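Worksheet: one structure, shown below.
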Amino acid sequence: MKDCQFRMAITLGSALLVTSCALVQPTNPDRTILPLREPTAPTYSELDARDVKAPPLFKVEAPKEAPNVVIVLIDDIGFGGPSTFGGPLQTPTLDRLASKGLRYTNFHSTALCSPSRMALKTGRNHHQCNTGSIMETSTAFPGNTGALPNSVAPLAEILRLNGYSTSAFGKWHETAAWETSVSGPFDRWPTHQGFDKFYGFIGGETDQWYPLVYDGVTRVTPPEMEEYHFTTDMTNQSIQWVQAQQSLTPDKPFFVYYAPGAVHAPHHVPKRWADKYKGKFDEGWDKVREKAFARQKEMGLIPKDTKLPPKARGIKDWKDLSGDEKKLFARQAEVFAGFLEQTDHEIGRLVTAIEDLGELDNTLFVYIAGDNGTSGEGGEVGMYNEMTYFNRVVETVEELLPRMDEWGGEFTFPHMAHGWAVAFDSPFSWMKQVASDFGGTRNGMVIHWPEGIKEQGGIRTQFGHFIDIAPTVLEAAMLPEPKSVNGTKQTPMAGTSLLYSFNDAKAKERHTTQYFEIFGNRALYHDGWLARTIHRAPWETSDLPPLESDVWELYNVRDDFSLSSNVAEQHPAKLEELQGLFDRDAERYNVYPIDDRVIERVNPEIAGRPDLMNGRTTLTLYDGMDGMLENTFINVKNKSKTITAELEIPEGGANGAILVQGGRFGGWSLYMKDGKPAYDYNFLGLARNTVSSDEVLEAGKVTLVLDFKYDGGGFGKGGDATLSVNGKGVAKGRIDKTQPLIFSADETADVGLDNQTPVVEGIGIGRVETKFTGTIHKITLKVKDEK
């Protein structure tokens, strides 16, 4: 690092004062205590500043020769998907980096989104981060609360406090669900977790065509561009940030965390990318899986004697499917494949930008293909709307076929049939959520760093885990793991640096023991052995067996790469040993007690986590309140509700949204069209009920009321809706059924407009077109349980 100097010339009459001041860092600072301690400021007895030399100003600098760091994390793709690891999905950027770097073939995630991301960015096990599952299913138990402790400082904060510029782009999914409103707290938002810059979405997924985007903690409208797509937008933002950072501070290293929403559902991609794969999946998931398996052997990625185990239970053989099923499922795979290749292309743009700056060789570039295995949450036939999964609604082939041509476009929110998950997780049996199978946890990783890695195109087989990345980065940057950060004593990192393997392919494995647990699926790896139990499949969300009835299996993974041969009967003592180690770690890291519920835990009342509304039955809303995520809005599901809107109608009438929740793929809206009030209930984009008045509202103050009387008797029932104006009924209608558990992962509740996609087609799209043209003085929303 170079000293920074500034000179200031001040002319006072005939006198010229020149002051020189250097920015310096103390020699050999103690980096185990962060922030670095500033030197004690001297005191002076001199009266006139011109008679005294100023001390150097304190400056924090990274160690000399510390590399830039880029971590790329793809969402929901397994080991056997990318071409770099033998899969059928083309990833030329990942291929290129692998050819000049290292491929890791024994690297593991936690098997689920939020837990993997927390492990990656903290170096601790996910339960140490209170992230035993995703944010939206957090509970009241330690290890699962969703609230990252102050004693677990993330990598970004450690790098920032050591002189790095830091940025994050794309998916976050690490903020407690009840902390995502304008009221904060913002402690667990990206810009309070060590990132100077954040541009992306805060939840687990978003509509790629109409995303909910934040810049820092502020919701922003995405820029207008031809064929807008979020992955392109976030890449533009990341490139611009790196260019500006290097322009202004070329001697300061940067850290970029680049985490696209791809290839998590919804599988949104421009049609031309999907069409590149036209016909390439017509042979079906069994053949695709077998061919990937053969390529993996040919490429030296898996041992020659590896066996291909059976597919996960419940997945049909391709030959037994109907012609319509084959046609539909093949198109689903084409869209998914195009989505991944488009994402890899965008990552290539970032790589090129860094290369053009002359910084690629000095950048530790970590490209992880997946935060878990490929998702099988699309179920047996896939989904036009992924939200059907979370509402326990099953879509049929007959319903999906007419939507094939638009699959992946803006009028779908799709997911694919679960057979493809196993194909793209070759050579394993299972998928995302299954923490007890490498199909859920094994993810291909490439590390590229020409200045730190001598071998080009090498393969590394040592066991590794997401918790190893933070220690690896710190060692590469010549930084110690801190003992205290921002005044809080730190929980030691659980991971092991992988730097020892960079230039020694045969180095002895250092990460020798690791537990896994997600929603009851659990396992333990120890010195080449894996003990595991498959508790549930991702599509099994009810009527689960008792946890204590689970049967444990044992695998010698050094001789059995794909977990094809259970040797529990031959080695009962070894199985008992590993079960004991699991119990030890489960107690140590707050894995116990295990909660295997999935869908039920979306409801904070059932899960026991904090709820911003905290049982409230009334909410007063005002104009300008928009972008309220579902977990920060009053729960209207499975209840009666009354909306009282105090409005002022201008001359000529009013149009637009008054109060809405959700969007095109599920929600409800109180609005005005052609000067007439109306209420729509959009059931998962599959069915709509409209209650509308025939009367145009006259100019002046108006009280508009929507009263919905829920039928009661369980979840997802219908009810009767009545509209009234100034106490007079103007319309009545039937709402046939309602969404029982969730409207959307990213669509919001809005006053006076409809963010992102519209609940109601025909009143426009986006903030500007749907904005209410009258005046909203106040809206009161009341809910009531009906037994």
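Ligands are numbered from 1 in the order shown, chains are lettered A, B, ... in the order of the structure tokens, and residues start at 1 in each chain.
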For Ser83 (chain A), please output as a PDB file with N, CA and C atoms, in the first residue's frame all residues within 9 Å (counting only C-alpha atoms; exclusion window: fewer than 6 positions along the same chain).
ATOM      1  N   LEU A  89     -25.168 -29.193 -18.650  1.00  0.00           N
ATOM      2  CA  LEU A  89     -25.479 -27.770 -18.671  1.00  0.00           C
ATOM      3  C   LEU A  89     -24.182 -26.986 -18.900  1.00  0.00           C
ATOM      4  N   GLN A  90     -24.141 -26.217 -19.964  1.00  0.00           N
ATOM      5  CA  GLN A  90     -22.893 -25.577 -20.380  1.00  0.00           C
ATOM      6  C   GLN A  90     -22.545 -24.378 -19.489  1.00  0.00           C
ATOM      7  N   THR A  91     -21.338 -24.431 -18.921  1.00  0.00           N
ATOM      8  CA  THR A  91     -20.831 -23.356 -18.058  1.00  0.00           C
ATOM      9  C   THR A  91     -19.419 -22.980 -18.516  1.00  0.00           C
ATOM     10  N   PRO A  92     -19.306 -22.290 -19.641  1.00  0.00           N
ATOM     11  CA  PRO A  92     -17.974 -21.991 -20.196  1.00  0.00           C
ATOM     12  C   PRO A  92     -17.105 -21.129 -19.291  1.00  0.00           C
ATOM     13  N   LEU A  94     -17.096 -21.157 -15.952  1.00  0.00           N
ATOM     14  CA  LEU A  94     -16.588 -22.076 -14.933  1.00  0.00           C
ATOM     15  C   LEU A  94     -15.541 -23.008 -15.535  1.00  0.00           C
ATOM     16  N   ASP A  95     -15.772 -23.464 -16.770  1.00  0.00           N
ATOM     17  CA  ASP A  95     -14.785 -24.293 -17.471  1.00  0.00           C
ATOM     18  C   ASP A  95     -13.452 -23.548 -17.597  1.00  0.00           C
ATOM     19  N   ALA A 292     -24.020 -38.251 -17.869  1.00  0.00           N
ATOM     20  CA  ALA A 292     -23.216 -37.407 -16.983  1.00  0.00           C
ATOM     21  C   ALA A 292     -22.286 -38.279 -16.145  1.00  0.00           C
TER      22      ALA A 292
END
(message) List the spatial neighbours of Val485 (chain A) as JSON, numbers by chain - criterion: any atom at most 8 Å away, only C-alpha atoms, same-chain residues fewer than 5 positions off excluded.
(response) {"A": [33, 34, 35, 151, 153, 158, 490]}
Writing out the chosen residues with N, CA, C and O atoms as a PDB file, in the first residue's frame:
ATOM      1  N   ILE A  33      -7.825  -8.095  17.310  1.00  0.00           N
ATOM      2  CA  ILE A  33      -8.831  -7.232  17.935  1.00  0.00           C
ATOM      3  C   ILE A  33      -9.280  -6.233  16.876  1.00  0.00           C
ATOM      4  O   ILE A  33      -8.488  -5.409  16.414  1.00  0.00           O
ATOM      5  N   LEU A  34     -10.549  -6.311  16.470  1.00  0.00           N
ATOM      6  CA  LEU A  34     -11.085  -5.426  15.441  1.00  0.00           C
ATOM      7  C   LEU A  34     -12.233  -4.590  15.993  1.00  0.00           C
ATOM      8  O   LEU A  34     -13.053  -5.102  16.765  1.00  0.00           O
ATOM      9  N   PRO A  35     -12.309  -3.309  15.611  1.00  0.00           N
ATOM     10  CA  PRO A  35     -11.408  -2.578  14.718  1.00  0.00           C
ATOM     11  C   PRO A  35     -10.005  -2.431  15.315  1.00  0.00           C
ATOM     12  O   PRO A  35      -9.824  -2.564  16.515  1.00  0.00           O
ATOM     13  N   SER A 151     -21.444 -12.544  18.255  1.00  0.00           N
ATOM     14  CA  SER A 151     -20.208 -13.297  18.471  1.00  0.00           C
ATOM     15  C   SER A 151     -19.775 -14.071  17.234  1.00  0.00           C
ATOM     16  O   SER A 151     -18.754 -14.767  17.267  1.00  0.00           O
ATOM     17  N   ALA A 153     -18.939 -12.905  13.808  1.00  0.00           N
ATOM     18  CA  ALA A 153     -18.702 -11.847  12.820  1.00  0.00           C
ATOM     19  C   ALA A 153     -18.491 -12.460  11.446  1.00  0.00           C
ATOM     20  O   ALA A 153     -17.739 -13.416  11.295  1.00  0.00           O
ATOM     21  N   ILE A 158     -14.856  -8.727   8.766  1.00  0.00           N
ATOM     22  CA  ILE A 158     -13.440  -8.913   9.103  1.00  0.00           C
ATOM     23  C   ILE A 158     -12.548  -8.286   8.032  1.00  0.00           C
ATOM     24  O   ILE A 158     -11.576  -7.585   8.341  1.00  0.00           O
ATOM     25  N   GLN A 490     -15.381 -13.382  20.071  1.00  0.00           N
ATOM     26  CA  GLN A 490     -15.866 -14.182  18.953  1.00  0.00           C
ATOM     27  C   GLN A 490     -15.876 -15.685  19.233  1.00  0.00           C
ATOM     28  O   GLN A 490     -14.988 -16.215  19.892  1.00  0.00           O
TER      29      GLN A 490
END
Write out as JSON lines the residues of region 488-564 of chain A that have any atom within 7 Å of an atom of region 572-580 of chain A, one row each with the nearest atom pair and its distance in Å to one decimal, counting only C-alpha atoms, sorted by chain and then rising number.
{"residue": "A:Leu524", "atom": "CA", "partner": "A:Leu578", "partner_atom": "CA", "distance": 6.5}
{"residue": "A:Ala531", "atom": "CA", "partner": "A:Leu578", "partner_atom": "CA", "distance": 6.2}
{"residue": "A:Leu554", "atom": "CA", "partner": "A:Leu575", "partner_atom": "CA", "distance": 6.0}
(request) Calculate how many Å separate CA of Glu38 (chain A) from CA of Pro55 (chain A), rounding to one decimal. (result) 12.7 Å
(request) Name the residues in contact with Gly204 (chain A) at a cut-off of 10 Å, using only C-alpha atoms, excluding same-chain residues fewer than 2 positions from it; report them as a ChimeraX atom specification. (result) /A:75,113-114,134-136,171-174,201-202,206,261,264-265,745-746
Output file for the residues above (N, CA, C and O atoms, as a PDB file, in the first residue's frame):
ATOM      1  N   ASP A  75     -27.162 -20.713  -7.105  1.00  0.00           N
ATOM      2  CA  ASP A  75     -28.249 -21.217  -6.268  1.00  0.00           C
ATOM      3  C   ASP A  75     -28.845 -22.488  -6.874  1.00  0.00           C
ATOM      4  O   ASP A  75     -29.115 -22.550  -8.088  1.00  0.00           O
ATOM      5  N   CYS A 113     -30.518 -23.286   1.416  1.00  0.00           N
ATOM      6  CA  CYS A 113     -30.088 -21.918   1.090  1.00  0.00           C
ATOM      7  C   CYS A 113     -29.465 -21.137   2.246  1.00  0.00           C
ATOM      8  O   CYS A 113     -28.254 -20.934   2.295  1.00  0.00           O
ATOM      9  N   SER A 114     -30.295 -20.623   3.150  1.00  0.00           N
ATOM     10  CA  SER A 114     -29.799 -19.752   4.221  1.00  0.00           C
ATOM     11  C   SER A 114     -28.691 -20.396   5.040  1.00  0.00           C
ATOM     12  O   SER A 114     -27.673 -19.751   5.327  1.00  0.00           O
ATOM     13  N   ILE A 134     -34.120 -22.173   6.674  1.00  0.00           N
ATOM     14  CA  ILE A 134     -34.220 -20.862   6.040  1.00  0.00           C
ATOM     15  C   ILE A 134     -34.844 -19.859   7.004  1.00  0.00           C
ATOM     16  O   ILE A 134     -35.487 -20.231   7.993  1.00  0.00           O
ATOM     17  N   MET A 135     -34.672 -18.587   6.717  1.00  0.00           N
ATOM     18  CA  MET A 135     -35.148 -17.531   7.595  1.00  0.00           C
ATOM     19  C   MET A 135     -36.648 -17.637   7.871  1.00  0.00           C
ATOM     20  O   MET A 135     -37.114 -17.393   8.986  1.00  0.00           O
ATOM     21  N   GLU A 136     -37.399 -18.030   6.841  1.00  0.00           N
ATOM     22  CA  GLU A 136     -38.860 -18.029   6.935  1.00  0.00           C
ATOM     23  C   GLU A 136     -39.414 -19.185   7.758  1.00  0.00           C
ATOM     24  O   GLU A 136     -40.622 -19.238   8.024  1.00  0.00           O
ATOM     25  N   LYS A 171     -28.622 -12.326  -4.236  1.00  0.00           N
ATOM     26  CA  LYS A 171     -29.453 -12.906  -3.172  1.00  0.00           C
ATOM     27  C   LYS A 171     -28.782 -12.769  -1.814  1.00  0.00           C
ATOM     28  O   LYS A 171     -27.587 -13.008  -1.677  1.00  0.00           O
ATOM     29  N   TRP A 172     -29.587 -12.427  -0.800  1.00  0.00           N
ATOM     30  CA  TRP A 172     -29.096 -12.334   0.571  1.00  0.00           C
ATOM     31  C   TRP A 172     -29.627 -13.512   1.397  1.00  0.00           C
ATOM     32  O   TRP A 172     -28.926 -14.448   1.681  1.00  0.00           O
ATOM     33  N   HIS A 173     -30.872 -13.453   1.820  1.00  0.00           N
ATOM     34  CA  HIS A 173     -31.555 -14.544   2.534  1.00  0.00           C
ATOM     35  C   HIS A 173     -30.898 -14.881   3.868  1.00  0.00           C
ATOM     36  O   HIS A 173     -30.834 -16.033   4.279  1.00  0.00           O
ATOM     37  N   GLU A 174     -30.453 -13.842   4.565  1.00  0.00           N
ATOM     38  CA  GLU A 174     -29.800 -14.054   5.851  1.00  0.00           C
ATOM     39  C   GLU A 174     -30.293 -13.088   6.924  1.00  0.00           C
ATOM     40  O   GLU A 174     -29.687 -12.971   7.985  1.00  0.00           O
ATOM     41  N   PHE A 201     -31.691  -8.634  -3.642  1.00  0.00           N
ATOM     42  CA  PHE A 201     -32.966  -8.891  -2.965  1.00  0.00           C
ATOM     43  C   PHE A 201     -32.687  -9.560  -1.621  1.00  0.00           C
ATOM     44  O   PHE A 201     -31.739 -10.312  -1.458  1.00  0.00           O
ATOM     45  N   ILE A 202     -33.550  -9.269  -0.667  1.00  0.00           N
ATOM     46  CA  ILE A 202     -33.267  -9.613   0.722  1.00  0.00           C
ATOM     47  C   ILE A 202     -33.749 -11.002   1.097  1.00  0.00           C
ATOM     48  O   ILE A 202     -33.287 -11.596   2.070  1.00  0.00           O
ATOM     49  N   THR A 206     -36.656 -14.240  -6.046  1.00  0.00           N
ATOM     50  CA  THR A 206     -37.365 -13.086  -6.579  1.00  0.00           C
ATOM     51  C   THR A 206     -37.733 -13.337  -8.022  1.00  0.00           C
ATOM     52  O   THR A 206     -37.152 -14.193  -8.693  1.00  0.00           O
ATOM     53  N   GLY A 261     -29.833 -15.046  -8.116  1.00  0.00           N
ATOM     54  CA  GLY A 261     -30.985 -15.858  -7.732  1.00  0.00           C
ATOM     55  C   GLY A 261     -31.041 -17.149  -8.511  1.00  0.00           C
ATOM     56  O   GLY A 261     -31.729 -18.095  -8.121  1.00  0.00           O
ATOM     57  N   HIS A 264     -32.318 -20.970  -8.705  1.00  0.00           N
ATOM     58  CA  HIS A 264     -33.469 -21.176  -7.825  1.00  0.00           C
ATOM     59  C   HIS A 264     -34.730 -20.807  -8.592  1.00  0.00           C
ATOM     60  O   HIS A 264     -34.720 -19.936  -9.458  1.00  0.00           O
ATOM     61  N   ALA A 265     -35.828 -21.489  -8.289  1.00  0.00           N
ATOM     62  CA  ALA A 265     -37.104 -21.067  -8.858  1.00  0.00           C
ATOM     63  C   ALA A 265     -37.415 -19.649  -8.392  1.00  0.00           C
ATOM     64  O   ALA A 265     -37.005 -19.251  -7.308  1.00  0.00           O
ATOM     65  N   ALA A 745     -42.921 -15.087  -1.886  1.00  0.00           N
ATOM     66  CA  ALA A 745     -41.638 -14.926  -1.206  1.00  0.00           C
ATOM     67  C   ALA A 745     -41.067 -13.529  -1.395  1.00  0.00           C
ATOM     68  O   ALA A 745     -40.184 -13.120  -0.631  1.00  0.00           O
ATOM     69  N   ASP A 746     -41.541 -12.788  -2.405  1.00  0.00           N
ATOM     70  CA  ASP A 746     -40.946 -11.479  -2.664  1.00  0.00           C
ATOM     71  C   ASP A 746     -41.951 -10.388  -2.988  1.00  0.00           C
ATOM     72  O   ASP A 746     -41.642  -9.210  -2.854  1.00  0.00           O
TER      73      ASP A 746
END
(request) Name all residues at most 12 Å from Ser138 (chain A) (count only C-alpha atoms; drop same-chain ones fewer than 4 positions away) and give them as a PyMOL selection string. (result) chain A and resi 114-115+127+129-134+142-148+174-178+519+595-611+631
(message) Considering only C-alpha atoms, can you say which of A:Trp407, A:Gly348, A:Val217, A:Ala262 comes closest to Glu334 (chain A)?
(response) A:Trp407
(request) State, in Å with one decimal place, the distance from CA of His511 (chain A) to CA of Ile467 (chain A). (result)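 Between these atoms lies a distance of 10.1 Å.
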(request) Would you please extract all alpha helix (DSSP H) residues from region 231-393 of chain A, as assigned by DSSP on the backbone, and give them as a PyMOL selection string? (result) chain A and resi 231-248+271-275+285-298+323-356+387-390
Where does region 664-702 of chain A meet region 386-395 of chain A within 10 Å, residue by residue, with the nearest atom pair and distance in Å to one decimal for each, counting only C-alpha atoms, listed by chain and rising number, as JSON lines?
{"residue": "A:Phe665", "atom": "CA", "partner": "A:Met387", "partner_atom": "CA", "distance": 7.6}
{"residue": "A:Gly666", "atom": "CA", "partner": "A:Met387", "partner_atom": "CA", "distance": 8.0}
{"residue": "A:Phe683", "atom": "CA", "partner": "A:Thr388", "partner_atom": "CA", "distance": 9.7}
{"residue": "A:Leu684", "atom": "CA", "partner": "A:Thr388", "partner_atom": "CA", "distance": 6.8}
{"residue": "A:Gly685", "atom": "CA", "partner": "A:Thr388", "partner_atom": "CA", "distance": 9.6}
{"residue": "A:Leu686", "atom": "CA", "partner": "A:Glu395", "partner_atom": "CA", "distance": 9.6}
Could you please take those selected residues and save N, CA and C atoms as a compact mmCIF listing (two decimals), in the first residue's frame?
# COMPACT_ATOMS: atom_id res chain seq x y z
N PHE A 665 -48.97 -14.02 -9.19
CA PHE A 665 -49.02 -15.44 -8.88
C PHE A 665 -49.64 -15.73 -7.52
N GLY A 666 -50.49 -14.80 -7.07
CA GLY A 666 -51.24 -15.00 -5.85
C GLY A 666 -51.33 -13.74 -5.02
N PHE A 683 -56.10 -16.52 -6.74
CA PHE A 683 -55.67 -17.75 -6.10
C PHE A 683 -54.53 -18.37 -6.91
N LEU A 684 -53.29 -18.07 -6.50
CA LEU A 684 -52.08 -18.67 -7.07
C LEU A 684 -51.97 -18.52 -8.58
N GLY A 685 -52.64 -17.50 -9.14
CA GLY A 685 -52.61 -17.31 -10.58
C GLY A 685 -53.40 -18.36 -11.33
N LEU A 686 -54.07 -19.26 -10.59
CA LEU A 686 -54.82 -20.36 -11.21
C LEU A 686 -56.30 -20.05 -11.33
Per residue of region 319-353 of chain A within 9 Å of region 417-425 of chain A, what are the shortest atom pair and its distance in Å to one decimal, counting only C-alpha atoms, with rows by chain and residue number, as a Markdown table?
| residue | atom | partner | partner_atom | distance |
| --- | --- | --- | --- | --- |
| A:Phe329 | CA | A:Ala417 | CA | 6.5 |
| A:Gln332 | CA | A:Ala417 | CA | 7.6 |
| A:Ala333 | CA | A:Trp420 | CA | 7.1 |
